[in-house]
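This is query-v6.cif. It holds mmCIF, C-alpha atoms.
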```
data_protein
#
loop_
_atom_site.label_atom_id
_atom_site.label_comp_id
_atom_site.auth_asym_id
_atom_site.auth_seq_id
_atom_site.Cartn_x
_atom_site.Cartn_y
_atom_site.Cartn_z
CA MET E 1 136.57 86.72 93.56
CA SER E 2 135.27 86.73 90.01
CA ASP E 3 131.67 87.69 89.24
CA SER E 4 130.82 84.07 88.40
CA LYS E 5 132.08 82.99 91.80
CA ASN E 6 130.09 85.81 93.42
CA LEU E 7 126.89 84.64 91.77
CA ASP E 8 127.60 81.07 92.80
CA ALA E 9 128.26 82.25 96.36
CA LYS E 10 124.81 83.84 96.44
CA THR E 11 123.30 80.36 96.55
CA HIS E 12 126.01 78.12 97.98
CA GLY E 13 127.89 78.11 101.27
CA VAL E 14 127.15 81.69 102.36
CA LEU E 15 126.05 82.92 105.76
CA TYR E 16 124.25 86.24 105.38
CA ILE E 17 124.42 88.55 108.39
CA GLY E 18 122.62 91.81 109.08
CA MET E 19 124.42 93.94 111.66
CA ASP E 20 123.25 97.04 113.50
CA LEU E 21 126.56 98.51 114.67
CA GLY E 22 125.47 100.89 117.40
CA THR E 23 126.98 103.24 119.95
CA SER E 24 125.36 101.33 122.81
CA ARG E 25 124.53 97.89 121.37
CA THR E 26 125.56 95.86 118.36
CA SER E 27 122.93 93.40 117.14
CA VAL E 28 123.10 90.70 114.48
CA SER E 29 120.50 88.64 112.62
CA ALA E 30 121.83 85.78 110.51
CA SER E 31 120.43 83.54 107.79
CA ASN E 32 121.00 80.49 110.03
CA GLY E 33 118.33 81.84 112.42
CA VAL E 34 120.73 83.21 115.04
CA ARG E 35 119.94 86.59 116.61
CA GLU E 36 122.25 88.08 119.23
CA THR E 37 123.05 91.45 120.76
CA VAL E 38 126.09 92.68 122.68
CA PHE E 39 126.89 95.98 124.38
CA SER E 40 129.31 97.92 122.16
CA VAL E 41 132.17 97.94 124.65
CA VAL E 42 135.54 96.18 124.48
CA GLY E 43 137.98 95.68 127.35
CA TYR E 44 141.64 94.66 127.41
CA PRO E 45 143.44 93.52 130.62
CA LYS E 46 145.33 96.40 132.27
CA ASP E 47 148.36 94.40 133.41
CA VAL E 48 149.74 90.92 134.10
CA VAL E 49 147.62 90.59 137.25
CA SER E 50 144.37 91.26 135.40
CA GLN E 51 145.53 89.01 132.55
CA LYS E 52 146.10 86.17 135.05
CA LEU E 53 142.75 86.83 136.76
CA LEU E 54 140.66 87.03 133.58
CA LYS E 55 142.52 84.43 131.49
CA LYS E 56 141.44 86.31 128.35
CA ASP E 57 143.06 88.83 126.02
CA VAL E 58 139.81 90.69 125.34
CA LEU E 59 136.32 90.89 126.87
CA TYR E 60 133.09 92.20 125.38
CA GLY E 61 129.71 93.56 126.36
CA LYS E 62 128.27 92.82 129.77
CA GLU E 63 131.26 90.68 130.76
CA ALA E 64 133.58 93.63 130.05
CA LEU E 65 131.35 96.00 132.03
CA ASP E 66 131.26 93.61 134.98
CA LYS E 67 135.09 93.33 134.98
CA ARG E 68 135.81 96.95 133.97
CA LEU E 69 137.98 97.74 137.00
CA SER E 70 140.54 95.27 135.63
CA LEU E 71 140.31 96.48 132.03
CA ARG E 72 141.24 99.27 129.67
CA MET E 73 137.77 99.97 128.32
CA TYR E 74 136.89 101.16 124.83
CA LYS E 75 133.60 102.25 123.29
CA PRO E 76 134.63 102.28 119.62
CA LEU E 77 131.59 104.28 118.52
CA GLU E 78 130.50 107.75 119.52
CA LYS E 79 127.40 109.51 118.21
CA GLY E 80 126.83 106.53 115.95
CA VAL E 81 130.21 106.59 114.19
CA LEU E 82 133.72 105.27 114.80
CA LYS E 83 135.81 107.62 116.92
CA TYR E 84 139.09 109.23 115.82
CA THR E 85 138.68 108.40 112.14
CA GLY E 86 140.21 111.75 111.23
CA GLU E 87 143.44 110.97 113.10
CA ALA E 88 144.50 107.59 111.75
CA LYS E 89 148.13 107.93 112.89
CA ASP E 90 147.22 108.69 116.50
CA PRO E 91 147.96 105.68 118.81
CA GLU E 92 144.55 106.06 120.44
CA ALA E 93 142.92 106.00 117.01
CA LYS E 94 144.73 102.76 116.15
CA THR E 95 143.63 101.14 119.41
CA ASN E 96 140.07 102.31 118.85
CA LEU E 97 140.09 100.82 115.35
CA LYS E 98 141.36 97.55 116.81
CA ALA E 99 138.53 97.65 119.37
CA ALA E 100 136.04 98.19 116.52
CA GLN E 101 137.55 95.29 114.58
CA ASP E 102 137.36 93.07 117.66
CA LEU E 103 133.74 94.12 118.34
CA ILE E 104 132.69 93.34 114.77
CA GLY E 105 134.54 90.02 115.04
CA GLU E 106 132.69 89.17 118.25
CA ALA E 107 129.34 90.03 116.63
CA ILE E 108 130.20 87.79 113.66
CA ARG E 109 131.27 85.01 116.06
CA LEU E 110 127.94 85.30 117.90
CA ALA E 111 126.22 84.55 114.57
CA ARG E 112 127.99 81.16 114.62
CA PRO E 113 129.28 80.86 111.03
CA ARG E 114 130.57 77.44 110.00
CA ALA E 115 134.23 77.14 109.05
CA ASP E 116 133.29 76.27 105.45
CA GLU E 117 130.92 79.23 104.97
CA LEU E 118 131.59 82.58 103.34
CA VAL E 119 130.30 85.50 105.41
CA TYR E 120 128.40 88.26 103.61
CA CYS E 121 127.47 91.09 105.98
CA VAL E 122 125.33 94.21 105.62
CA ILE E 123 126.17 96.78 108.30
CA GLY E 124 123.84 99.60 109.26
CA ALA E 125 125.49 103.03 109.53
CA PRO E 126 124.06 106.43 110.51
CA ALA E 127 122.14 108.13 107.71
CA GLU E 128 124.70 110.93 107.31
CA ALA E 129 127.92 109.11 108.19
CA SER E 130 130.91 110.67 106.42
CA VAL E 131 132.77 108.95 103.60
CA ARG E 132 135.81 108.68 105.90
CA ASN E 133 133.75 106.99 108.59
CA ARG E 134 132.17 104.58 106.16
CA GLU E 135 135.64 103.64 104.97
CA ALA E 136 136.72 103.10 108.58
CA ILE E 137 133.78 100.73 109.19
CA LEU E 138 134.64 98.78 106.04
CA GLU E 139 138.27 98.62 107.20
CA ALA E 140 137.19 97.31 110.60
CA ALA E 141 135.04 94.61 108.99
CA LYS E 142 137.69 93.32 106.57
CA ALA E 143 139.32 90.84 108.93
CA HIS E 144 136.06 88.99 109.59
CA VAL E 145 133.89 88.92 106.45
CA ASP E 146 134.25 87.93 102.81
CA ALA E 147 131.98 90.64 101.44
CA VAL E 148 130.40 93.68 103.02
CA MET E 149 127.95 96.45 102.26
CA LEU E 150 126.84 99.49 104.26
CA CYS E 151 123.33 100.87 104.41
CA SER E 152 121.51 103.63 106.24
CA GLU E 153 120.11 102.37 109.56
CA PRO E 154 116.59 103.83 109.13
CA PHE E 155 116.49 102.50 105.55
CA SER E 156 117.26 99.00 106.83
CA VAL E 157 114.39 99.25 109.34
CA ALA E 158 111.93 100.22 106.59
CA TYR E 159 113.29 97.55 104.23
CA GLY E 160 112.89 94.87 106.87
CA MET E 161 109.21 95.75 107.30
CA ASP E 162 108.49 96.01 103.55
CA MET E 163 107.51 99.64 104.08
CA LEU E 164 109.39 101.24 101.20
CA GLU E 165 106.81 103.83 100.15
CA ASP E 166 105.37 106.86 101.95
CA VAL E 167 106.84 106.06 105.35
CA LEU E 168 109.06 108.11 107.65
CA VAL E 169 111.40 106.15 109.93
CA VAL E 170 112.70 107.64 113.18
CA ASP E 171 115.59 105.47 114.44
CA ILE E 172 116.58 106.53 117.98
CA GLY E 173 119.94 105.07 118.91
CA ALA E 174 122.31 105.90 121.73
CA GLY E 175 124.53 108.35 119.87
CA THR E 176 122.25 109.68 117.13
CA THR E 177 118.65 109.88 116.03
CA ASP E 178 118.29 109.21 112.30
CA LEU E 179 115.21 110.09 110.26
CA CYS E 180 114.60 108.85 106.73
CA ARG E 181 111.60 109.22 104.43
CA MET E 182 110.92 106.44 101.97
CA HIS E 183 109.19 106.99 98.62
CA GLY E 184 109.80 103.83 96.63
CA THR E 185 113.47 104.45 95.75
CA MET E 186 116.82 104.45 97.50
CA PRO E 187 116.80 107.49 99.83
CA GLU E 188 118.94 110.47 98.86
CA GLU E 189 120.65 113.01 101.11
CA ALA E 190 117.58 115.27 101.08
CA ASP E 191 115.47 112.38 102.41
CA GLN E 192 117.51 112.03 105.61
CA VAL E 193 118.09 113.96 108.81
CA MET E 194 120.49 113.10 111.64
CA PHE E 195 121.15 114.78 114.99
CA ASP E 196 122.91 113.79 118.20
CA VAL E 197 120.02 114.15 120.67
CA ALA E 198 119.49 110.47 121.40
CA GLY E 199 119.90 107.93 124.21
CA ASP E 200 123.24 109.28 125.46
CA ALA E 201 121.77 112.80 125.65
CA VAL E 202 118.94 111.43 127.80
CA ASP E 203 121.51 109.78 130.08
CA ALA E 204 123.48 113.02 130.42
CA GLU E 205 120.35 115.02 131.24
CA LEU E 206 119.18 112.43 133.77
CA ALA E 207 122.62 112.41 135.44
CA ARG E 208 122.54 116.22 135.67
CA ARG E 209 119.09 116.21 137.25
CA ILE E 210 119.96 113.47 139.75
CA GLU E 211 123.08 115.38 140.78
CA GLN E 212 121.02 118.55 141.31
CA SER E 213 118.12 116.98 143.20
CA CYS E 214 119.69 114.09 145.16
CA PRO E 215 122.40 115.52 147.46
CA GLY E 216 125.17 113.04 148.22
CA ALA E 217 123.88 110.35 145.87
CA GLN E 218 126.61 108.38 144.09
CA PHE E 219 126.09 106.91 140.64
CA THR E 220 127.87 105.99 137.42
CA VAL E 221 126.94 106.46 133.78
CA GLN E 222 126.04 102.77 133.58
CA MET E 223 123.71 103.07 136.60
CA VAL E 224 121.97 106.05 134.97
CA LYS E 225 121.56 104.11 131.73
CA GLU E 226 119.99 101.20 133.63
CA ILE E 227 117.57 103.56 135.39
CA LYS E 228 116.49 104.99 132.03
CA GLU E 229 116.07 101.55 130.46
CA ARG E 230 114.03 100.31 133.42
CA TRP E 231 111.85 103.37 134.02
CA GLY E 232 112.04 105.59 130.91
CA PHE E 233 108.77 107.37 130.06
CA VAL E 234 107.24 110.67 128.98
CA GLY E 235 103.78 112.04 129.73
CA ASP E 236 101.83 110.51 132.61
CA ALA E 237 103.90 108.29 134.91
CA PRO E 238 102.82 104.63 134.72
CA GLU E 239 104.34 104.16 138.20
CA LYS E 240 106.65 105.92 140.62
CA CYS E 241 110.33 105.60 139.79
CA LEU E 242 111.81 104.62 143.17
CA VAL E 243 115.55 103.93 142.97
CA ASP E 244 118.17 103.08 145.59
CA LEU E 245 121.44 105.02 145.26
CA PRO E 246 124.33 104.93 147.75
CA VAL E 247 124.89 107.95 150.01
CA ASP E 248 128.10 107.62 152.03
CA GLY E 249 127.99 103.89 151.29
CA LYS E 250 124.38 103.43 152.49
CA PRO E 251 121.63 102.55 149.97
CA THR E 252 119.09 105.41 150.04
CA GLN E 253 115.79 105.51 148.19
CA PHE E 254 115.03 108.43 145.86
CA ASP E 255 111.89 109.21 143.88
CA LEU E 256 113.23 109.98 140.39
CA THR E 257 109.88 110.09 138.58
CA ASP E 258 110.08 113.77 137.60
CA GLN E 259 113.76 113.54 136.70
CA VAL E 260 113.22 110.54 134.39
CA ARG E 261 110.25 112.20 132.67
CA ALA E 262 112.15 115.45 132.09
CA ALA E 263 115.27 113.67 130.81
CA CYS E 264 113.35 111.46 128.34
CA SER E 265 111.38 114.49 127.13
CA VAL E 266 114.53 115.98 125.54
CA LEU E 267 113.90 113.59 122.62
CA ILE E 268 110.52 115.05 121.63
CA ASP E 269 111.29 118.50 120.22
CA PRO E 270 114.23 117.61 117.92
CA ILE E 271 112.38 114.56 116.59
CA CYS E 272 109.33 116.69 115.80
CA LYS E 273 111.52 119.31 114.10
CA GLY E 274 113.10 116.58 111.96
CA ILE E 275 109.69 115.12 111.06
CA THR E 276 108.38 118.60 110.18
CA LYS E 277 111.38 119.28 107.93
CA LEU E 278 111.05 116.02 106.01
CA ILE E 279 107.29 116.37 105.58
CA ALA E 280 107.32 120.07 104.65
CA THR E 281 109.90 119.44 101.89
CA PHE E 282 108.06 116.39 100.51
CA ASP E 283 105.76 116.36 97.48
CA PRO E 284 102.61 118.17 98.73
CA GLU E 285 100.30 115.52 97.26
CA PHE E 286 101.93 112.85 99.43
CA GLN E 287 102.55 114.77 102.68
CA ALA E 288 99.36 113.52 104.38
CA ARG E 289 100.26 109.90 103.65
CA LEU E 290 103.81 110.37 104.93
CA LYS E 291 102.87 111.95 108.26
CA ASN E 292 100.37 109.17 108.92
CA ARG E 293 103.10 106.51 108.59
CA VAL E 294 105.81 107.47 111.07
CA LEU E 295 107.77 104.49 112.45
CA LEU E 296 109.65 104.69 115.75
CA ALA E 297 112.65 102.34 115.88
CA GLY E 298 115.87 101.82 117.84
CA GLY E 299 116.44 101.39 121.56
CA GLY E 300 115.16 104.90 122.33
CA SER E 301 111.75 103.99 120.93
CA MET E 302 111.17 101.88 124.06
CA VAL E 303 110.64 105.03 126.16
CA ARG E 304 107.03 104.60 127.26
CA GLY E 305 104.61 107.19 125.95
CA LEU E 306 107.04 108.58 123.36
CA ASP E 307 104.83 107.63 120.40
CA THR E 308 101.84 109.38 121.97
CA ALA E 309 103.89 112.47 122.86
CA ILE E 310 105.21 112.78 119.28
CA GLU E 311 101.70 112.37 117.88
CA LYS E 312 100.50 115.19 120.17
CA ALA E 313 103.31 117.46 119.01
CA MET E 314 102.56 116.59 115.37
CA ARG E 315 98.90 117.58 115.83
CA GLU E 316 100.04 120.99 117.07
CA ARG E 317 102.67 121.55 114.35
CA LEU E 318 101.38 119.61 111.38
CA GLY E 319 97.64 119.26 112.00
CA GLY E 320 97.85 115.53 112.64
CA GLY E 321 99.92 112.40 112.25
CA LYS E 322 100.17 108.76 113.24
CA VAL E 323 103.18 107.21 115.01
CA VAL E 324 103.75 103.45 115.36
CA ARG E 325 106.51 101.81 117.39
CA ILE E 326 108.10 98.79 115.68
CA GLU E 327 107.74 95.47 117.49
CA GLU E 328 111.44 94.63 117.81
CA PRO E 329 113.45 97.80 118.53
CA ILE E 330 116.67 95.95 119.35
CA TYR E 331 116.67 93.84 116.18
CA GLY E 332 114.74 96.04 113.71
CA GLY E 333 117.89 97.36 112.01
CA ALA E 334 119.66 93.98 111.97
CA ASN E 335 116.57 92.19 110.61
CA GLY E 336 116.30 94.70 107.78
CA ALA E 337 120.02 94.52 107.02
CA LEU E 338 119.72 90.72 106.75
CA LYS E 339 116.84 91.07 104.32
CA ILE E 340 118.92 93.50 102.22
CA ALA E 341 121.77 90.97 102.25
CA HIS E 342 119.48 88.29 100.84
CA ASP E 343 118.06 90.55 98.14
CA MET E 344 121.10 92.43 96.83
CA PRO E 345 122.66 91.30 93.52
CA ALA E 346 126.28 90.16 93.66
CA GLU E 347 127.64 93.29 91.95
CA TYR E 348 126.52 95.47 94.87
CA TRP E 349 128.83 93.74 97.32
CA GLU E 350 132.27 95.05 98.16
CA GLN E 351 134.54 92.04 97.86
CA LEU E 352 137.41 91.88 100.32
CA LYS E 353 139.54 89.08 98.88
#
```
Write-out of the structure in structure tokens:
Amino acid sequence: MSDSKNLDAKTHGVLYIGMDLGTSRTSVSASNGVRETVFSVVGYPKDVVSQKLLKKDVLYGKEALDKRLSLRMYKPLEKGVLKYTGEAKDPEAKTNLKAAQDLIGEAIRLARPRADELVYCVIGAPAEASVRNREAILEAAKAHVDAVMLCSEPFSVAYGMDMLEDVLVVDIGAGTTDLCRMHGTMPEEADQVMFDVAGDAVDAELARRIEQSCPGAQFTVQMVKEIKERWGFVGDAPEKCLVDLPVDGKPTQFDLTDQVRAACSVLIDPICKGITKLIATFDPEFQARLKNRVLLAGGGSMVRGLDTAIEKAMRERLGGGKVVRIEEPIYGGANGALKIAHDMPAEYWEQLK
């Protein structure tokens, strides 16, 4: 497209989409008012029998999880980034890239673009995603959009809330936790911290503790994730976490209150270390303002009591602080990415045609 056509497209016949491409969920917010989320899993029929049963070439999200015994399952993202991007010639890498392309296509389809509309999409990526991984995401998006731009996930959260100055965003996803401090400009590398203690790490710790403390109990990763999402908390228990798990085929009730608390608590220390690093290296005149505007975002922010626990740790390490959980953890990144899409000049977009 020429620049004149780009500028014209900014006002005519364009569907803007903000996408939070996540390890666990992919969410979209679109300029036509549509908001949707899908689990970031893709399944392909294993054989002719499953193809006949399912009558589909590919399944996504909850439908794929429900039919997973008939499918070759793929989670295209791991620790917040596309898997196998360093091994592009590997057959598994090619299949994973196809799964990523199909997942992005499904997310775009959920936004319900009209046939006559151009699709301009801003995709949230982890704060410290490598150049190679960013290129892989752009490659995966090419088949489905007319123009695309990547942005840091915590930056998109802050942008969506018009909090672009003296705010520190903590975006807790499934694969990574991303921290970003905002000071009225585009964040630089020194303004961001990323680590892989996030939702998946909580799941792994909870699974380990259930295995240790519940002899004979059978469970899957998906069951553990559902327990965390239903009961997740730190600090004082709001209620007992009573869960039925099969033992030799018989549903048996277990009290998992202590296990859930301990598993969710693995988030606190690394988050506080990241906050401390970003505040301690900030302009000293503005440190007090920054630590009193900490935003918790992402699916992991829904762990009950996490904001209070982080505030307590900040009092001990930093002499104080204020933590606020955003209102829409599932759509915070996608909402911000959509706002960026609306506001960005045409020359910032990477044209794909």
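When atom CA of E:Gly320 is paired with atom CA of E:Ala190, their separation reads 22.9 Å.
Taking atom CA of E:Asp343 as the reference point, atom CA of E:Cys151 is found at 13.2 Å.
You will find atom CA of E:Cys272 at 25.6 Å from atom CA of E:Leu77.
Comparing the minimum interatomic distances between E:Arg132 and each of E:Asn292, E:Cys180, E:Leu103, E:Leu82, counting all atoms listed in the file, we find that E:Leu82 sits nearest.
Of the listed residues (E:Pro113, E:Gly43, E:Gly216, E:Gly160), E:Gly216 comes nearest to E:Pro246; the distances count all atoms listed in the file.
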Expected selection from the PyMOL selection byres ((chain E and resi 50-67) around 9), given as a ChimeraX atom specification: /E:25,37-49,68-71,73,102-103,106,222
With a distance cut-off of 12 Å and all atoms listed in the file, select the neighbouring residues of E:Met223, excluding the residue or stretch itself and same-chain residues fewer than 4 positions from it, and output the selection as a ChimeraX atom specification. /E:65,203-204,206-207,210,217-219,227-230,243-246
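Proximity ranking of E:Arg304, E:Ile268, E:Cys214, E:Asp283 relative to E:Leu256 places E:Cys214 first, based on only C-alpha atoms.
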All residues 8 Å or closer to E:Gly22, all atoms listed in the file, same chain fewer than 5 positions away omitted, as a ChimeraX atom specification: /E:27,40,77,80,173-175
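Among the candidate residues E:Lys240, E:Lys94, E:Arg293, E:Arg325, the one lying nearest to E:Thr308 is E:Arg325, with distances computed using all atoms listed in the file.
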Best match for closeness to E:Met314 among E:Ile326, E:Glu285, E:Ala111, E:Asp269, counting only C-alpha atoms: E:Asp269
With the file shown as input, list the residues that the PyMOL selection byres ((chain E and resi 112) around 9) selects, as an MDAnalysis selection string. chainID E and resid 30 32 34 108:111 113:114
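Using only C-alpha atoms, the nearest neighbour of E:Ser156 within the list E:Leu138, E:Ala313, E:Ala334, E:Val170 is E:Ala334.
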Written as a compact mmCIF listing (two decimals) with C-alpha atoms, keeping the file's coordinate frame, what is the full residue list that the PyMOL selection byres ((chain E and resi 318) around 12) yields on the file shown?
```
# COMPACT_ATOMS: atom_id res chain seq x y z
CA CYS E 272 109.33 116.69 115.80
CA LYS E 273 111.52 119.31 114.10
CA ILE E 275 109.69 115.12 111.06
CA THR E 276 108.38 118.60 110.18
CA LYS E 277 111.38 119.28 107.93
CA LEU E 278 111.05 116.02 106.01
CA ILE E 279 107.29 116.37 105.58
CA ALA E 280 107.32 120.07 104.65
CA GLN E 287 102.55 114.77 102.68
CA ALA E 288 99.36 113.52 104.38
CA LEU E 290 103.81 110.37 104.93
CA LYS E 291 102.87 111.95 108.26
CA ASN E 292 100.37 109.17 108.92
CA ILE E 310 105.21 112.78 119.28
CA GLU E 311 101.70 112.37 117.88
CA LYS E 312 100.50 115.19 120.17
CA ALA E 313 103.31 117.46 119.01
CA MET E 314 102.56 116.59 115.37
CA ARG E 315 98.90 117.58 115.83
CA GLU E 316 100.04 120.99 117.07
CA ARG E 317 102.67 121.55 114.35
CA GLY E 319 97.64 119.26 112.00
CA GLY E 320 97.85 115.53 112.64
CA GLY E 321 99.92 112.40 112.25
CA LYS E 322 100.17 108.76 113.24
```
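Proximity to E:Ile172 at 10 Å, evaluated using all atoms listed in the file and with sequence-adjacent residues fewer than 3 positions away removed, yields Pro154, Val169, Gly175, Thr176, Thr177, Asp178, Leu179, Met194, Phe195, Asp196, Val197, Ala198, Gly199, Leu267, Ile271, Leu296, Ala297, Gly298, Gly299, Gly300, Ser301, Met302 and Pro329 of chain E.
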Env of E:Ala141: 10 Å cut, atoms = all atoms listed in the file, seq-sep filter 6 positions within chain, self excluded. Answer as an NGL selection string. :E and (100-105 or 108 or 121 or 123 or 135 or 147-149 or 352)
Just the residues within 8 Å of stretch 258-262 of chain E, please, counting only C-alpha atoms, with nothing from its chain fewer than 2 positions along; format it as a ChimeraX atom specification. /E:206,209-210,228,231-235,237,241,255-256,264-266
For stretch 29-37 of chain E, which lacks atoms in the input, supply all heavy atoms and format the output as a tab-separated table (two decimals), in the coordinates of the input.
```tsv
chain	number	residue	atom	x	y	z
E	29	SER	N	121.46	89.66	113.04
E	29	SER	CA	120.50	88.64	112.62
E	29	SER	C	121.15	87.90	111.47
E	29	SER	O	121.68	88.53	110.55
E	29	SER	CB	119.19	89.28	112.16
E	29	SER	OG	118.52	89.91	113.22
E	30	ALA	N	121.12	86.58	111.52
E	30	ALA	CA	121.83	85.78	110.51
E	30	ALA	C	120.87	84.83	109.80
E	30	ALA	O	119.82	84.47	110.33
E	30	ALA	CB	122.96	84.99	111.17
E	31	SER	N	121.29	84.41	108.60
E	31	SER	CA	120.43	83.54	107.79
E	31	SER	C	120.32	82.13	108.36
E	31	SER	O	119.50	81.35	107.90
E	31	SER	CB	120.96	83.48	106.35
E	31	SER	OG	122.32	83.08	106.31
E	32	ASN	N	121.14	81.78	109.35
E	32	ASN	CA	121.00	80.49	110.03
E	32	ASN	C	120.02	80.55	111.21
E	32	ASN	O	119.90	79.60	111.97
E	32	ASN	CB	122.36	79.98	110.51
E	32	ASN	CG	123.04	80.95	111.48
E	32	ASN	OD1	122.45	81.96	111.88
E	32	ASN	ND2	124.28	80.66	111.84
E	33	GLY	N	119.34	81.69	111.36
E	33	GLY	CA	118.33	81.84	112.42
E	33	GLY	C	118.85	82.44	113.71
E	33	GLY	O	118.07	82.72	114.63
E	34	VAL	N	120.16	82.66	113.81
E	34	VAL	CA	120.73	83.21	115.04
E	34	VAL	C	120.46	84.71	115.13
E	34	VAL	O	120.58	85.44	114.14
E	34	VAL	CB	122.26	82.96	115.09
E	34	VAL	CG1	122.89	83.69	116.27
E	34	VAL	CG2	122.54	81.46	115.18
E	35	ARG	N	120.07	85.15	116.32
E	35	ARG	CA	119.94	86.59	116.61
E	35	ARG	C	120.60	86.84	117.96
E	35	ARG	O	120.27	86.18	118.95
E	35	ARG	CB	118.48	87.03	116.66
E	35	ARG	CG	117.76	86.81	115.35
E	35	ARG	CD	116.51	87.65	115.24
E	35	ARG	NE	115.66	87.57	116.41
E	35	ARG	CZ	114.58	88.32	116.59
E	35	ARG	NH1	114.26	89.23	115.69
E	35	ARG	NH2	113.83	88.19	117.66
E	36	GLU	N	121.52	87.79	117.99
E	36	GLU	CA	122.25	88.08	119.23
E	36	GLU	C	122.50	89.58	119.32
E	36	GLU	O	122.56	90.29	118.30
E	36	GLU	CB	123.60	87.35	119.26
E	36	GLU	CG	123.50	85.83	119.34
E	36	GLU	CD	123.12	85.32	120.72
E	36	GLU	OE1	123.08	86.12	121.67
E	36	GLU	OE2	122.85	84.11	120.83
E	37	THR	N	122.68	90.06	120.55
E	37	THR	CA	123.05	91.45	120.76
E	37	THR	C	124.12	91.53	121.84
E	37	THR	O	124.15	90.68	122.74
E	37	THR	CB	121.81	92.31	121.13
E	37	THR	OG1	122.16	93.69	121.15
E	37	THR	CG2	121.26	91.92	122.50
```
